[in-house]
Amino acid sequence: MSNEATLDAVVAALDVGGTDETVVTSVRVPAALRDAAKALQALGAGPSFNEVLVQGARDRVEALAHRAGLDRHYGAYPELRPSLGSVALALARLDASELADRADLIDQAAAELAATRPTAGADDVLTYAAALLAHEPV
Amino acid sequence: MAASVETVILDAEAADALSSVHHPKHLVALSFVEGLAQRRQRRPSIKVLVPVAVRVEAGWDRSSPAAAIVNRVSGARDVSLTGAAADRAAELRMALDVSVVDATVAEAAESAAQPVVIVTSDVRDMTALAAHVKGDVRVVAI
C-alpha cells in the first residue's frame, strides 16, 4: 500500500468514529497512572480508565493524522504552504485576538522569528506579536 | 481577550475551499487548518468538526477519490444528526428563519466543546445564530 493510500485508510478509520467494533488489546501503562484514573472514577470525577485511554488515543491519532495529511498536501503542492504570518493571523482571528486587526505586527513578528528561530510556530509568532503590541508607544 | 478556540466548525464554503487547490480561498482555508494542526500537536483535544448536512451541501462524499484532499487536510470529524439534534436544529430554524444546513451548524456549535468558531462565508446568518445559541460561539469569515 502506498503512503498516500495508507494515509487515506487512516482518515477513513477515524471517520468510523465510535461506532466501530472494539478489540481487546494489551497496553502497558504505568500502574500509578491506572490507579490515579480509577481513584478519580471512584470519586465521580472522571470516566472509566478505558474511556480515558480511548479518548486520549483518539485525540492524539487524529492530531497526528491531521499533521500528516497537511504535510502530504504540501509535499504535492509546495507553493500552497501558507506563510508563518498568514497562519498566525488565522489563529488570531479564530481566537478573536486583538492581533487579528494587526497584520503588520504579526508580519513583523513572523519575519523576526523566522530569522532567529526557524522552527517557530504560529503561536510563537502570536506571543512575539503580543509583546510588540504591548510595547507600542501610546 | 477571548479564550483560545477549542472547536472549529466548517461551513460549506470552508469545505469547498479545502476541497480543491484551484478554489480561490484554498490558501486562506489552509491557513486556518494549518494553525489548528500546529496547536493540536500540543493540545490534541482541539477539534475540527463538520456537520453531516454541510457535507451533503458541499458534495463532500468521503468515500469519493475527489474528496481525498479535503479528507486529508481538514482534520475534520463528522457531527451526526441525531433525533435530539434534529429537534434543536428545527427549533433554531423556526426561530431565526435560517436554512436547514445553517441550523444544523448552529446546533453542532452549541453541543461542542467551547469556545467554538464557525468558519463560514455566510457571516450574517451565522452571527445571528451564534448570538442565539448557548455558550461561547463565534463566527469567522472565510
# chains A, B, ... in the order shown; residues from 1 in each chain; ligands from 1
call {"tool": "interface_residues", "arguments": {"of": "chain A", "to": "chain B", "cutoff": "9 Å", "atoms": "only C-alpha atoms", "output": "VMD selection string"}}
result
chain A and resid 7 to 8 11 to 12 14 to 15 17 55 to 56 58 to 73 77 80 to 84 86 to 91 93 to 98 121 to 123
call {"tool": "select_by_dssp", "arguments": {"residues": "chain B", "states": "strand (DSSP E)", "output": "list of chain:residue names"}}
result
B:Thr7, B:Val8, B:Ile9, B:Leu10, B:Lys47, B:Val48, B:Leu49, B:Val50, B:Pro51, B:Ala76, B:Arg77, B:Asp78, B:Val79, B:Val116, B:Val117, B:Ile118, B:Val119, B:Thr120, B:Val137, B:Arg138, B:Val139, B:Val140, B:Ala141
call {"tool": "atom_distance", "arguments": {"atom1": "CA of Ala100 in chain A", "atom2": "CA of Ala12 in chain B"}}
result
23.2 Å
call {"tool": "closest_residue", "arguments": {"among": "B:Leu10, B:Val123, B:Val137, B:Leu81", "to": "Val100 in chain B", "atoms": "only C-alpha atoms"}}
result
B:Leu81
call {"tool": "select_by_dssp", "arguments": {"residues": "range 8-117 of chain A", "states": "alpha helix (DSSP H)", "output": "compact mmCIF listing (two decimals) with N, CA and C atoms, in the first residue's frame"}}
result
# COMPACT_ATOMS: atom_id res chain seq x y z
N ASP A 8 -4.95 7.69 3.61
CA ASP A 8 -6.39 7.69 3.35
C ASP A 8 -7.10 6.64 4.19
N ALA A 9 -6.42 5.50 4.39
CA ALA A 9 -7.02 4.44 5.22
C ALA A 9 -7.10 4.89 6.68
N VAL A 10 -6.09 5.64 7.12
CA VAL A 10 -6.11 6.17 8.49
C VAL A 10 -7.30 7.12 8.66
N VAL A 11 -7.45 8.04 7.71
CA VAL A 11 -8.55 9.01 7.79
C VAL A 11 -9.89 8.28 7.76
N ALA A 12 -10.00 7.29 6.90
CA ALA A 12 -11.26 6.54 6.81
C ALA A 12 -11.55 5.82 8.12
N ALA A 13 -10.52 5.28 8.75
CA ALA A 13 -10.72 4.58 10.02
C ALA A 13 -11.19 5.55 11.10
N LEU A 14 -10.65 6.76 11.09
CA LEU A 14 -11.06 7.75 12.09
C LEU A 14 -12.50 8.19 11.84
N ASP A 15 -12.92 8.19 10.57
CA ASP A 15 -14.28 8.60 10.26
C ASP A 15 -15.31 7.63 10.81
N ALA A 31 1.40 1.66 36.41
CA ALA A 31 0.38 1.24 37.38
C ALA A 31 -0.16 2.45 38.15
N ALA A 32 0.73 3.40 38.47
CA ALA A 32 0.28 4.56 39.23
C ALA A 32 -0.73 5.39 38.43
N LEU A 33 -0.52 5.44 37.10
CA LEU A 33 -1.45 6.19 36.25
C LEU A 33 -2.83 5.52 36.26
N ARG A 34 -2.84 4.20 36.13
CA ARG A 34 -4.10 3.46 36.18
C ARG A 34 -4.78 3.67 37.52
N ASP A 35 -4.00 3.59 38.60
CA ASP A 35 -4.59 3.76 39.93
C ASP A 35 -5.17 5.16 40.12
N ALA A 36 -4.46 6.15 39.59
CA ALA A 36 -4.96 7.53 39.71
C ALA A 36 -6.28 7.69 38.96
N ALA A 37 -6.34 7.12 37.75
CA ALA A 37 -7.57 7.23 36.95
C ALA A 37 -8.73 6.51 37.65
N LYS A 38 -8.45 5.35 38.22
CA LYS A 38 -9.50 4.60 38.90
C LYS A 38 -9.99 5.32 40.14
N ALA A 39 -9.04 5.95 40.84
CA ALA A 39 -9.42 6.71 42.04
C ALA A 39 -10.31 7.89 41.67
N LEU A 40 -9.99 8.55 40.58
CA LEU A 40 -10.82 9.68 40.12
C LEU A 40 -12.21 9.20 39.73
N GLN A 41 -12.26 8.04 39.08
CA GLN A 41 -13.57 7.50 38.71
C GLN A 41 -14.39 7.19 39.96
N ALA A 42 -13.71 6.61 40.98
CA ALA A 42 -14.41 6.29 42.23
C ALA A 42 -14.95 7.54 42.90
N PHE A 49 -11.22 4.20 33.21
CA PHE A 49 -9.86 4.22 32.69
C PHE A 49 -9.85 3.88 31.20
N ASN A 50 -10.74 2.96 30.81
CA ASN A 50 -10.84 2.61 29.39
C ASN A 50 -11.21 3.82 28.54
N GLU A 51 -12.18 4.59 29.03
CA GLU A 51 -12.59 5.79 28.27
C GLU A 51 -11.45 6.81 28.20
N VAL A 52 -10.73 6.96 29.31
CA VAL A 52 -9.60 7.89 29.32
C VAL A 52 -8.58 7.48 28.26
N LEU A 53 -8.27 6.18 28.24
CA LEU A 53 -7.27 5.69 27.27
C LEU A 53 -7.74 5.88 25.84
N VAL A 54 -9.00 5.51 25.58
CA VAL A 54 -9.51 5.58 24.20
C VAL A 54 -9.60 7.02 23.72
N GLN A 55 -10.13 7.91 24.58
CA GLN A 55 -10.27 9.30 24.15
C GLN A 55 -8.90 9.95 23.94
N GLY A 56 -7.97 9.64 24.86
CA GLY A 56 -6.62 10.19 24.72
C GLY A 56 -5.96 9.70 23.44
N ALA A 57 -6.13 8.41 23.17
CA ALA A 57 -5.52 7.84 21.96
C ALA A 57 -6.19 8.42 20.71
N ARG A 58 -7.52 8.56 20.75
CA ARG A 58 -8.23 9.11 19.59
C ARG A 58 -7.76 10.54 19.30
N ASP A 59 -7.71 11.36 20.35
CA ASP A 59 -7.28 12.75 20.14
C ASP A 59 -5.89 12.80 19.53
N ARG A 60 -5.00 11.98 20.05
CA ARG A 60 -3.61 12.01 19.59
C ARG A 60 -3.49 11.50 18.16
N VAL A 61 -4.19 10.41 17.85
CA VAL A 61 -4.12 9.86 16.50
C VAL A 61 -4.72 10.84 15.49
N GLU A 62 -5.82 11.49 15.87
CA GLU A 62 -6.43 12.48 14.97
C GLU A 62 -5.46 13.64 14.71
N ALA A 63 -4.79 14.09 15.76
CA ALA A 63 -3.84 15.19 15.59
C ALA A 63 -2.68 14.78 14.68
N LEU A 64 -2.19 13.57 14.88
CA LEU A 64 -1.09 13.08 14.03
C LEU A 64 -1.53 12.93 12.58
N ALA A 65 -2.75 12.43 12.38
CA ALA A 65 -3.26 12.25 11.02
C ALA A 65 -3.46 13.60 10.34
N HIS A 66 -3.91 14.58 11.11
CA HIS A 66 -4.10 15.92 10.55
C HIS A 66 -2.76 16.48 10.07
N ARG A 67 -1.75 16.35 10.93
CA ARG A 67 -0.41 16.83 10.57
C ARG A 67 0.10 16.11 9.32
N ALA A 68 -0.05 14.80 9.32
CA ALA A 68 0.44 14.01 8.19
C ALA A 68 -0.30 14.37 6.90
N GLY A 69 -1.60 14.61 7.01
CA GLY A 69 -2.39 14.97 5.83
C GLY A 69 -1.94 16.29 5.23
N LEU A 70 -1.69 17.25 6.10
CA LEU A 70 -1.23 18.55 5.60
C LEU A 70 0.17 18.45 5.00
N ASP A 71 1.04 17.70 5.67
CA ASP A 71 2.41 17.56 5.15
C ASP A 71 2.41 16.88 3.78
N ARG A 72 1.52 15.90 3.61
CA ARG A 72 1.41 15.24 2.32
C ARG A 72 0.95 16.24 1.26
N HIS A 73 0.00 17.11 1.64
CA HIS A 73 -0.52 18.12 0.70
C HIS A 73 0.59 19.10 0.30
N TYR A 74 1.36 19.54 1.27
CA TYR A 74 2.46 20.47 0.95
C TYR A 74 3.54 19.78 0.13
N GLY A 75 3.69 18.48 0.33
CA GLY A 75 4.65 17.74 -0.48
C GLY A 75 4.25 17.74 -1.95
N ALA A 76 2.93 17.63 -2.19
CA ALA A 76 2.44 17.62 -3.57
C ALA A 76 2.34 19.02 -4.15
N LEU A 84 4.16 31.63 7.58
CA LEU A 84 4.04 31.65 9.04
C LEU A 84 3.13 32.79 9.50
N GLY A 85 3.29 33.93 8.85
CA GLY A 85 2.47 35.08 9.23
C GLY A 85 0.99 34.85 8.94
N SER A 86 0.68 34.25 7.82
CA SER A 86 -0.74 34.04 7.49
C SER A 86 -1.37 33.01 8.42
N VAL A 87 -0.59 32.02 8.84
CA VAL A 87 -1.12 31.03 9.79
C VAL A 87 -1.36 31.68 11.15
N ALA A 88 -0.42 32.52 11.57
CA ALA A 88 -0.59 33.21 12.85
C ALA A 88 -1.80 34.14 12.80
N LEU A 89 -1.98 34.82 11.68
CA LEU A 89 -3.14 35.71 11.54
C LEU A 89 -4.43 34.91 11.60
N ALA A 90 -4.44 33.74 10.98
CA ALA A 90 -5.64 32.89 11.02
C ALA A 90 -5.95 32.49 12.45
N LEU A 91 -4.93 32.13 13.23
CA LEU A 91 -5.18 31.76 14.63
C LEU A 91 -5.66 32.96 15.43
N ALA A 92 -5.11 34.13 15.16
CA ALA A 92 -5.56 35.33 15.86
C ALA A 92 -7.04 35.59 15.60
N ARG A 93 -7.45 35.34 14.35
CA ARG A 93 -8.87 35.52 14.02
C ARG A 93 -9.73 34.49 14.72
N LEU A 94 -9.27 33.25 14.76
CA LEU A 94 -10.05 32.21 15.45
C LEU A 94 -10.17 32.51 16.95
N ALA A 103 -2.20 42.86 11.31
CA ALA A 103 -1.40 42.01 10.42
C ALA A 103 0.03 42.55 10.30
N ASP A 104 0.17 43.86 10.47
CA ASP A 104 1.52 44.45 10.38
C ASP A 104 2.43 43.91 11.48
N LEU A 105 1.90 43.86 12.70
CA LEU A 105 2.71 43.34 13.82
C LEU A 105 2.98 41.85 13.68
N ILE A 106 1.98 41.13 13.19
CA ILE A 106 2.16 39.68 13.00
C ILE A 106 3.22 39.42 11.93
N ASP A 107 3.17 40.18 10.87
CA ASP A 107 4.17 40.00 9.81
C ASP A 107 5.58 40.34 10.33
N GLN A 108 5.67 41.41 11.12
CA GLN A 108 6.97 41.78 11.69
C GLN A 108 7.48 40.67 12.61
N ALA A 109 6.58 40.16 13.46
CA ALA A 109 6.97 39.10 14.39
C ALA A 109 7.40 37.84 13.63
N ALA A 110 6.63 37.50 12.59
CA ALA A 110 6.97 36.31 11.80
C ALA A 110 8.33 36.46 11.14
N ALA A 111 8.60 37.63 10.60
CA ALA A 111 9.87 37.85 9.92
C ALA A 111 11.04 37.78 10.90
N GLU A 112 10.88 38.42 12.06
CA GLU A 112 11.98 38.44 13.03
C GLU A 112 12.20 37.06 13.63
N LEU A 113 11.11 36.34 13.90
CA LEU A 113 11.26 35.00 14.47
C LEU A 113 11.87 34.03 13.45
N ALA A 114 11.42 34.14 12.21
CA ALA A 114 11.94 33.23 11.19
C ALA A 114 13.45 33.39 11.02
N ALA A 115 13.93 34.60 11.27
CA ALA A 115 15.36 34.86 11.12
C ALA A 115 16.18 34.27 12.26
N THR A 116 15.56 34.15 13.42
CA THR A 116 16.32 33.70 14.58
C THR A 116 15.93 32.30 15.05
call {"tool": "atom_distance", "arguments": {"atom1": "CA of Asp11 in chain B", "atom2": "CA of Ser111 in chain B"}}
result
15.8 Å
call {"tool": "atom_distance", "arguments": {"atom1": "CA of Val105 in chain B", "atom2": "CA of Val50 in chain B"}}
result
8.1 Å
